[in-house]
Amino acid sequence: MCVAAHPDDEDGATLAKYRKDYGYKTFAVIATRGEGGQNEIGPELYNALGVIRTHEMMGAAKITGAQLMFLNMPEFGYSKTLEETMRIWGHDRALGRLVRAIRIARPDVIISNHGTLKDHGNHQGVGALLREAFDIAGDATKFPEQLKDGLKPWQPARLYLRAWTPTPGQLTVNISVLDPLRGKTYAEIAADALRLHKSQGMGFFITRYLTGRPRVHYILAKSAPGGVAGAGSVPAPGGVLFDGLMDRVDQGRRDMSKSTAPRSALKKTLLDHADDGPAWNRAAACAAEIGLNATVDDSELVQGQAAHVQTTLTDYGSADAQDVTYSLEFAPWFKAARPASEKKTFDETRQAVDALAFTVPEDQPYTEPAPTHLFDKHFLDPEITAVARVTCGKHTLTLREPLYVDIAPKIAVRSVEPRYLIRQGHDHSVQIDFLLTNNAPDGVQDILHVGASSLLKVTPAEKALSFAHEGDERVVPVVATVPKKIQPGDYHVRGTLESRADKYDALVRVVDLKLPKDIRVGVIQSYDDTFVKTLERLGVPHKALTIEDFTPEKLDQYTTIIVDIRAYLVRKDLVANNQALLDYVKRGGTAIVMYQKTYEWKPEYAPYPITVSHNRVTVEDAPITLLKPNHPLFNTPNKIVPSDWDGWIQERGLYFPSKWDSHYTPLIATDDPGEHLPPGSCLITDYGKGTYFYTTLGWYRQLRELHPGVLRVFANMLAL
């Protein structure tokens, strides 16, 4: 079992080696869903990102051969301390979930990349919890409620932690050995798995797997004499991690030798198996030549819907398979009735085909939309298993194909945007768009009722709906009118279907916000869309720039150009035309450059050198000190006050510059408790006739939430 904090933290190479070389059952246990990280492939964050990373982790586990388990602990962004992680996770809750995973998997050996180094607080948390869980998973007095669920205490034999630097007594796993069946080393297989973690940008680690002859080093952190050691009489294969342990598979032979049954009965059993050898060989050959394929005719179902599992068994070999009986098995939380099954024969193409019908229970819980259900107990667990029992000579072989279906409401309702902006004193109405989707397999009718918080008036108050086909969509626009004297704050517009009590809210945020006049903004957009959407909400004229726009004539149309977060990673045209951006500033333009990651940024990209580091401030409410309180950034057109910095989410900022040319003026200082970082989060300079502003605070996360104070600072940025 490999235990890791986040998707991509697992040791895929060692898991692949022990699964594919030695044939061990392997598990990847992941503490979080990764929802608090960055996203290098799109704008999704938080639970929507957690869904992406769960799918990526599932694909990676399929490549390494590990069975996947999630502990569902929250991932809240980068953490610098073990104490913060334990405060948010809850020590007993996290420990109990890890103990449960150990009791389910019953591993002989546990490994982890997370040791005792001062590292990500989540990594430290996993390392600390593993030491505790190893000691108590075999103790029936610890978390006894798990025993009532049918689990039994389990004591692993060894716990190994990764040695990232040369360490006395370290053990080495050779992952550069070639897997002859696949024509790749186990390091290369792990690299294939890492490639699926696209949202995380794993290029650096993939290169490490593909360079030279990589090895993995571990130190023995804990062992349990007794444990499962000595369970068999044959040394366990598996090299260093299992050296000295006995093979549990051998236990069956020992049990037979100790049996109290008459020796004549034992002899007859052994002779029966010996005489049946050729038949077993034929069955094994048959098993290698048949394949089961099963699909559901509709992968997104609604309550009460009838569906079919299409099953096909193909005999690719020498016609050893004679007939097959299909059935469906359902997970305990999916209470469908099992369909009747009957024997099927193979046709002239050596295929046996059937369709088994089932009906979704009327009270089956929804799984869609996926981000809402990310932390459900059985998120993405297969509800259905197609089972084929095929006769091969004297033997019946059983093949299983797990299937997952989504359960959606008959009519799904959501607001196109989760939040809508009203500028106090300027905007007197806002249009909220409700998107409705028919997921039912046939026509459906309903009525959408719309209500709002006091002070808001909405029209229309209701809308009749009629859908003819599955997948039909319709946008229902609702106009919310606000009085002239409405106060800043949050107001709600709610949509409700007459057929059920579910409520769908859109938030309307009223903000006291002044905008500069006569501005036009160009955005060099990366994978994120926050700045473009914010400009749309503000009604500021803007354009997402393309490679054709890097000419003086086109750039000079804009008063301000925003370089999006990590644009130097994904916009090769920006890298190639960076001088055009600097020349634009020199001629009198304003460039606002958002945070860039350490290895993606070069000091010479700026007009005067800026060196980006790994420095970050992770405490959301870390104090903000204005180093130049009279600077226009804090005064024009909005006066920024201390409360404008309250209520941030995730972090203050990341990848702060550690060094910069003397031409720059630092504007803000902020630090995590006990630290004193160079104040590089907001650097500004004149360059020629223009202004260059480099800032690494987490503006985009706050703008997504329509944070009032950050909206005011952002408007001031546009006025620079």
# chains A, B, ... in the order shown; residues from 1 in each chain; ligands from 1
call {"tool": "residues_around", "arguments": {"residues": "segment 622-636 of chain A", "least_positions_apart": "5", "cutoff": "6 Å", "atoms": "only C-alpha atoms", "output": "PyMOL selection string"}}
result
chain A and resi 667-670+672+716
call {"tool": "residues_around", "arguments": {"residues": "Gly471 of chain A", "least_positions_apart": "6", "cutoff": "12 Å", "atoms": "only C-alpha atoms", "output": "list in words"}}
result
Asp298, Glu300, Leu301, Ala408, Lys410, Ile411, Ala412, Leu436, Thr437, Asn438, Asn439, Ala440, Pro441, Asp442, Gly443 and Val444 of chain A
call {"tool": "closest_residue", "arguments": {"among": "A:Asp179, A:Asp149, A:Asp529, A:Asp247", "to": "Ile562 of chain A", "atoms": "only C-alpha atoms"}}
result
A:Asp529
call {"tool": "residues_around", "arguments": {"residues": "Gln170 of chain A", "least_positions_apart": "4", "cutoff": "9 Å", "atoms": "only C-alpha atoms", "output": "PyMOL selection string"}}
result
chain A and resi 162-163+166+217-220
call {"tool": "residues_around", "arguments": {"residues": "Leu569 of chain A", "least_positions_apart": "6", "cutoff": "10 Å", "atoms": "only C-alpha atoms", "output": "JSON list (two decimals) with N, CA and C atoms, in the first residue's frame"}}
result
[["chain", "number", "residue", "atom", "x", "y", "z"],
["A", 40, "GLU", "N", -3.60, 23.62, -14.67],
["A", 40, "GLU", "CA", -2.84, 24.05, -15.84],
["A", 40, "GLU", "C", -3.56, 23.77, -17.16],
["A", 526, "SER", "N", -4.22, 32.95, -20.46],
["A", 526, "SER", "CA", -3.63, 31.61, -20.34],
["A", 526, "SER", "C", -4.74, 30.58, -20.34],
["A", 527, "TYR", "N", -4.66, 29.58, -19.49],
["A", 527, "TYR", "CA", -5.71, 28.56, -19.41],
["A", 527, "TYR", "C", -6.89, 29.03, -18.56],
["A", 575, "VAL", "N", 6.04, 34.50, -25.34],
["A", 575, "VAL", "CA", 7.49, 34.35, -25.15],
["A", 575, "VAL", "C", 8.23, 34.88, -26.38],
["A", 596, "GLN", "N", 3.74, 34.36, -12.27],
["A", 596, "GLN", "CA", 4.32, 33.34, -13.14],
["A", 596, "GLN", "C", 5.10, 32.38, -12.25],
["A", 597, "LYS", "N", 5.14, 31.11, -12.62],
["A", 597, "LYS", "CA", 5.80, 30.12, -11.78],
["A", 597, "LYS", "C", 7.32, 30.18, -11.96],
["A", 599, "TYR", "N", 10.00, 28.27, -12.55],
["A", 599, "TYR", "CA", 10.80, 27.75, -13.67],
["A", 599, "TYR", "C", 10.22, 28.15, -15.03],
["A", 600, "GLU", "N", 9.12, 28.86, -15.05],
["A", 600, "GLU", "CA", 8.52, 29.30, -16.30],
["A", 600, "GLU", "C", 8.85, 30.77, -16.61],
["A", 601, "TRP", "N", 9.46, 31.41, -15.67],
["A", 601, "TRP", "CA", 9.75, 32.84, -15.79],
["A", 601, "TRP", "C", 11.25, 33.06, -15.92]]
call {"tool": "residues_around", "arguments": {"residues": "segment 387-396 of chain A", "least_positions_apart": "2", "cutoff": "9 Å", "atoms": "only C-alpha atoms", "output": "list of chain:residue names"}}
result
A:Ala279, A:Trp280, A:Arg282, A:Ala283, A:Cys286, A:Ala287, A:Leu292, A:Thr311, A:Leu313, A:Asp320, A:Ala321, A:Gln322, A:Asp323, A:Val324, A:Thr325, A:Tyr326, A:Ser327, A:Leu328, A:Glu329, A:Thr385, A:Thr398, A:Leu399, A:Arg400, A:Glu401, A:Pro402
call {"tool": "residues_around", "arguments": {"residues": "Ser643 of chain A", "least_positions_apart": "5", "cutoff": "12 Å", "atoms": "only C-alpha atoms", "output": "ChimeraX atom specification"}}
result
/A:621,623-624,648,707-710,712
call {"tool": "write_last_selection", "arguments": {"atoms": "N, CA and C atoms", "output": "PDB file, in the first residue's frame"}}
result
ATOM      1  N   ASP A 621      -5.608  35.445   5.799  1.00  0.00           N
ATOM      2  CA  ASP A 621      -5.792  36.743   6.450  1.00  0.00           C
ATOM      3  C   ASP A 621      -4.469  37.304   6.982  1.00  0.00           C
ATOM      4  N   PRO A 623      -1.467  39.701   7.565  1.00  0.00           N
ATOM      5  CA  PRO A 623      -1.524  41.172   7.529  1.00  0.00           C
ATOM      6  C   PRO A 623      -0.976  41.736   6.217  1.00  0.00           C
ATOM      7  N   ILE A 624      -1.630  42.779   5.737  1.00  0.00           N
ATOM      8  CA  ILE A 624      -1.212  43.509   4.540  1.00  0.00           C
ATOM      9  C   ILE A 624      -0.707  44.883   4.970  1.00  0.00           C
ATOM     10  N   TRP A 648     -10.205  36.977   2.260  1.00  0.00           N
ATOM     11  CA  TRP A 648      -9.588  36.288   1.121  1.00  0.00           C
ATOM     12  C   TRP A 648      -9.750  34.779   1.288  1.00  0.00           C
ATOM     13  N   HIS A 707     -14.918  39.404  -4.915  1.00  0.00           N
ATOM     14  CA  HIS A 707     -14.518  40.007  -3.646  1.00  0.00           C
ATOM     15  C   HIS A 707     -14.566  41.524  -3.791  1.00  0.00           C
ATOM     16  N   PRO A 708     -15.361  42.247  -2.986  1.00  0.00           N
ATOM     17  CA  PRO A 708     -15.546  43.689  -3.196  1.00  0.00           C
ATOM     18  C   PRO A 708     -14.246  44.480  -3.141  1.00  0.00           C
ATOM     19  N   GLY A 709     -13.406  44.206  -2.128  1.00  0.00           N
ATOM     20  CA  GLY A 709     -12.161  44.954  -2.011  1.00  0.00           C
ATOM     21  C   GLY A 709     -11.229  44.712  -3.175  1.00  0.00           C
ATOM     22  N   VAL A 710     -11.131  43.464  -3.624  1.00  0.00           N
ATOM     23  CA  VAL A 710     -10.242  43.143  -4.736  1.00  0.00           C
ATOM     24  C   VAL A 710     -10.785  43.728  -6.039  1.00  0.00           C
ATOM     25  N   ARG A 712     -12.226  46.556  -6.246  1.00  0.00           N
ATOM     26  CA  ARG A 712     -11.818  47.961  -6.204  1.00  0.00           C
ATOM     27  C   ARG A 712     -10.332  48.116  -6.521  1.00  0.00           C
TER      28      ARG A 712
END
call {"tool": "residues_around", "arguments": {"residues": "Met57 of chain A", "least_positions_apart": "2", "cutoff": "12 Å", "atoms": "only C-alpha atoms", "output": "ChimeraX atom specification"}}
result
/A:4,6-10,12,28-30,32-34,50-55,59-70,193-200,380
call {"tool": "atom_distance", "arguments": {"atom1": "atom CA of Glu342 of chain A", "atom2": "atom CA of Val302 of chain A"}}
result
27.4 Å
call {"tool": "select_by_dssp", "arguments": {"residues": "segment 107-197 of chain A", "states": "strand (DSSP E)", "output": "MDAnalysis selection string"}}
result
chainID A and resid 109:112 158:162 171:174 178:179 184:185
call {"tool": "write_last_selection", "arguments": {"atoms": "N, CA and C atoms", "output": "short mmCIF file (atom, residue, chain, number, x, y, z; two decimals), in the first residue's frame"}}
result
data_model
loop_
_atom_site.label_atom_id
_atom_site.label_comp_id
_atom_site.auth_asym_id
_atom_site.auth_seq_id
_atom_site.Cartn_x
_atom_site.Cartn_y
_atom_site.Cartn_z
N VAL A 109 3.13 -4.52 3.55
CA VAL A 109 4.10 -3.43 3.51
C VAL A 109 3.38 -2.14 3.11
N ILE A 110 3.69 -1.06 3.81
CA ILE A 110 3.18 0.28 3.48
C ILE A 110 4.37 1.15 3.12
N ILE A 111 4.22 1.93 2.03
CA ILE A 111 5.25 2.87 1.63
C ILE A 111 4.62 4.25 1.48
N SER A 112 5.46 5.29 1.58
CA SER A 112 4.98 6.65 1.34
C SER A 112 6.15 7.53 0.93
N ARG A 158 5.58 -3.85 7.85
CA ARG A 158 6.62 -2.83 7.71
C ARG A 158 6.04 -1.54 7.16
N LEU A 159 6.64 -0.43 7.60
CA LEU A 159 6.35 0.90 7.07
C LEU A 159 7.66 1.51 6.58
N TYR A 160 7.69 1.83 5.29
CA TYR A 160 8.87 2.46 4.70
C TYR A 160 8.52 3.89 4.27
N LEU A 161 9.44 4.82 4.53
CA LEU A 161 9.28 6.20 4.10
C LEU A 161 10.39 6.56 3.12
N ARG A 162 10.06 7.35 2.13
CA ARG A 162 10.98 7.69 1.04
C ARG A 162 12.19 8.44 1.59
N LEU A 171 17.18 1.47 1.64
CA LEU A 171 16.99 0.37 0.72
C LEU A 171 16.67 0.94 -0.65
N THR A 172 17.10 0.24 -1.68
CA THR A 172 16.94 0.75 -3.04
C THR A 172 16.06 -0.19 -3.85
N VAL A 173 15.00 0.38 -4.45
CA VAL A 173 14.13 -0.35 -5.37
C VAL A 173 14.56 0.03 -6.79
N ASN A 174 14.95 -0.97 -7.55
CA ASN A 174 15.42 -0.72 -8.92
C ASN A 174 14.22 -0.66 -9.85
N LEU A 178 13.50 -3.63 -17.02
CA LEU A 178 12.55 -3.70 -18.13
C LEU A 178 11.45 -4.71 -17.84
N ASP A 179 10.21 -4.30 -18.05
CA ASP A 179 9.08 -5.23 -18.03
C ASP A 179 8.99 -5.83 -19.43
N LYS A 184 8.76 -1.80 -21.49
CA LYS A 184 9.10 -0.55 -20.82
C LYS A 184 9.66 -0.86 -19.44
N THR A 185 10.48 0.06 -18.94
CA THR A 185 10.90 -0.07 -17.55
C THR A 185 9.75 0.39 -16.66
#
call {"tool": "select_by_dssp", "arguments": {"residues": "segment 281-393 of chain A", "states": "helix (DSSP H, G or I)", "output": "list in words"}}
result
Asn281, Arg282, Ala283, Ala284, Ala285, Cys286, Ala287, Ala288, Ala370, Pro371, Thr372 and His373 of chain A
call {"tool": "write_last_selection", "arguments": {"atoms": "N, CA and C atoms", "output": "mmCIF file, in the first residue's frame"}}
result
data_model
loop_
_atom_site.group_PDB
_atom_site.id
_atom_site.type_symbol
_atom_site.label_atom_id
_atom_site.label_comp_id
_atom_site.auth_asym_id
_atom_site.auth_seq_id
_atom_site.Cartn_x
_atom_site.Cartn_y
_atom_site.Cartn_z
ATOM 1 N N ASN A 281 -5.396 -26.858 -17.491
ATOM 2 C CA ASN A 281 -4.597 -26.194 -18.522
ATOM 3 C C ASN A 281 -5.479 -25.686 -19.657
ATOM 4 N N ARG A 282 -6.465 -26.511 -20.061
ATOM 5 C CA ARG A 282 -7.370 -26.083 -21.130
ATOM 6 C C ARG A 282 -8.198 -24.879 -20.691
ATOM 7 N N ALA A 283 -8.626 -24.895 -19.418
ATOM 8 C CA ALA A 283 -9.398 -23.766 -18.905
ATOM 9 C C ALA A 283 -8.557 -22.494 -18.870
ATOM 10 N N ALA A 284 -7.287 -22.644 -18.477
ATOM 11 C CA ALA A 284 -6.403 -21.479 -18.448
ATOM 12 C C ALA A 284 -6.196 -20.921 -19.845
ATOM 13 N N ALA A 285 -6.020 -21.817 -20.828
ATOM 14 C CA ALA A 285 -5.860 -21.366 -22.213
ATOM 15 C C ALA A 285 -7.127 -20.673 -22.703
ATOM 16 N N CYS A 286 -8.279 -21.225 -22.339
ATOM 17 C CA CYS A 286 -9.556 -20.620 -22.724
ATOM 18 C C CYS A 286 -9.686 -19.226 -22.120
ATOM 19 N N ALA A 287 -9.299 -19.075 -20.853
ATOM 20 C CA ALA A 287 -9.416 -17.785 -20.175
ATOM 21 C C ALA A 287 -8.565 -16.725 -20.852
ATOM 22 N N ALA A 288 -7.434 -17.134 -21.395
ATOM 23 C CA ALA A 288 -6.535 -16.176 -22.048
ATOM 24 C C ALA A 288 -7.055 -15.737 -23.408
ATOM 25 N N ALA A 370 -21.316 16.480 -10.859
ATOM 26 C CA ALA A 370 -20.233 15.789 -10.158
ATOM 27 C C ALA A 370 -19.560 16.635 -9.082
ATOM 28 N N PRO A 371 -19.254 17.933 -9.313
ATOM 29 C CA PRO A 371 -18.583 18.690 -8.241
ATOM 30 C C PRO A 371 -19.370 18.741 -6.947
ATOM 31 N N THR A 372 -20.694 18.719 -7.041
ATOM 32 C CA THR A 372 -21.534 18.744 -5.848
ATOM 33 C C THR A 372 -21.387 17.455 -5.042
ATOM 34 N N HIS A 373 -21.051 16.364 -5.719
ATOM 35 C CA HIS A 373 -21.023 15.050 -5.069
ATOM 36 C C HIS A 373 -19.609 14.501 -4.903
#
call {"tool": "closest_residue", "arguments": {"among": "A:Leu515, A:Ile175, A:Ala105, A:Met1", "to": "Gly239 of chain A", "atoms": "only C-alpha atoms"}}
result
A:Ile175
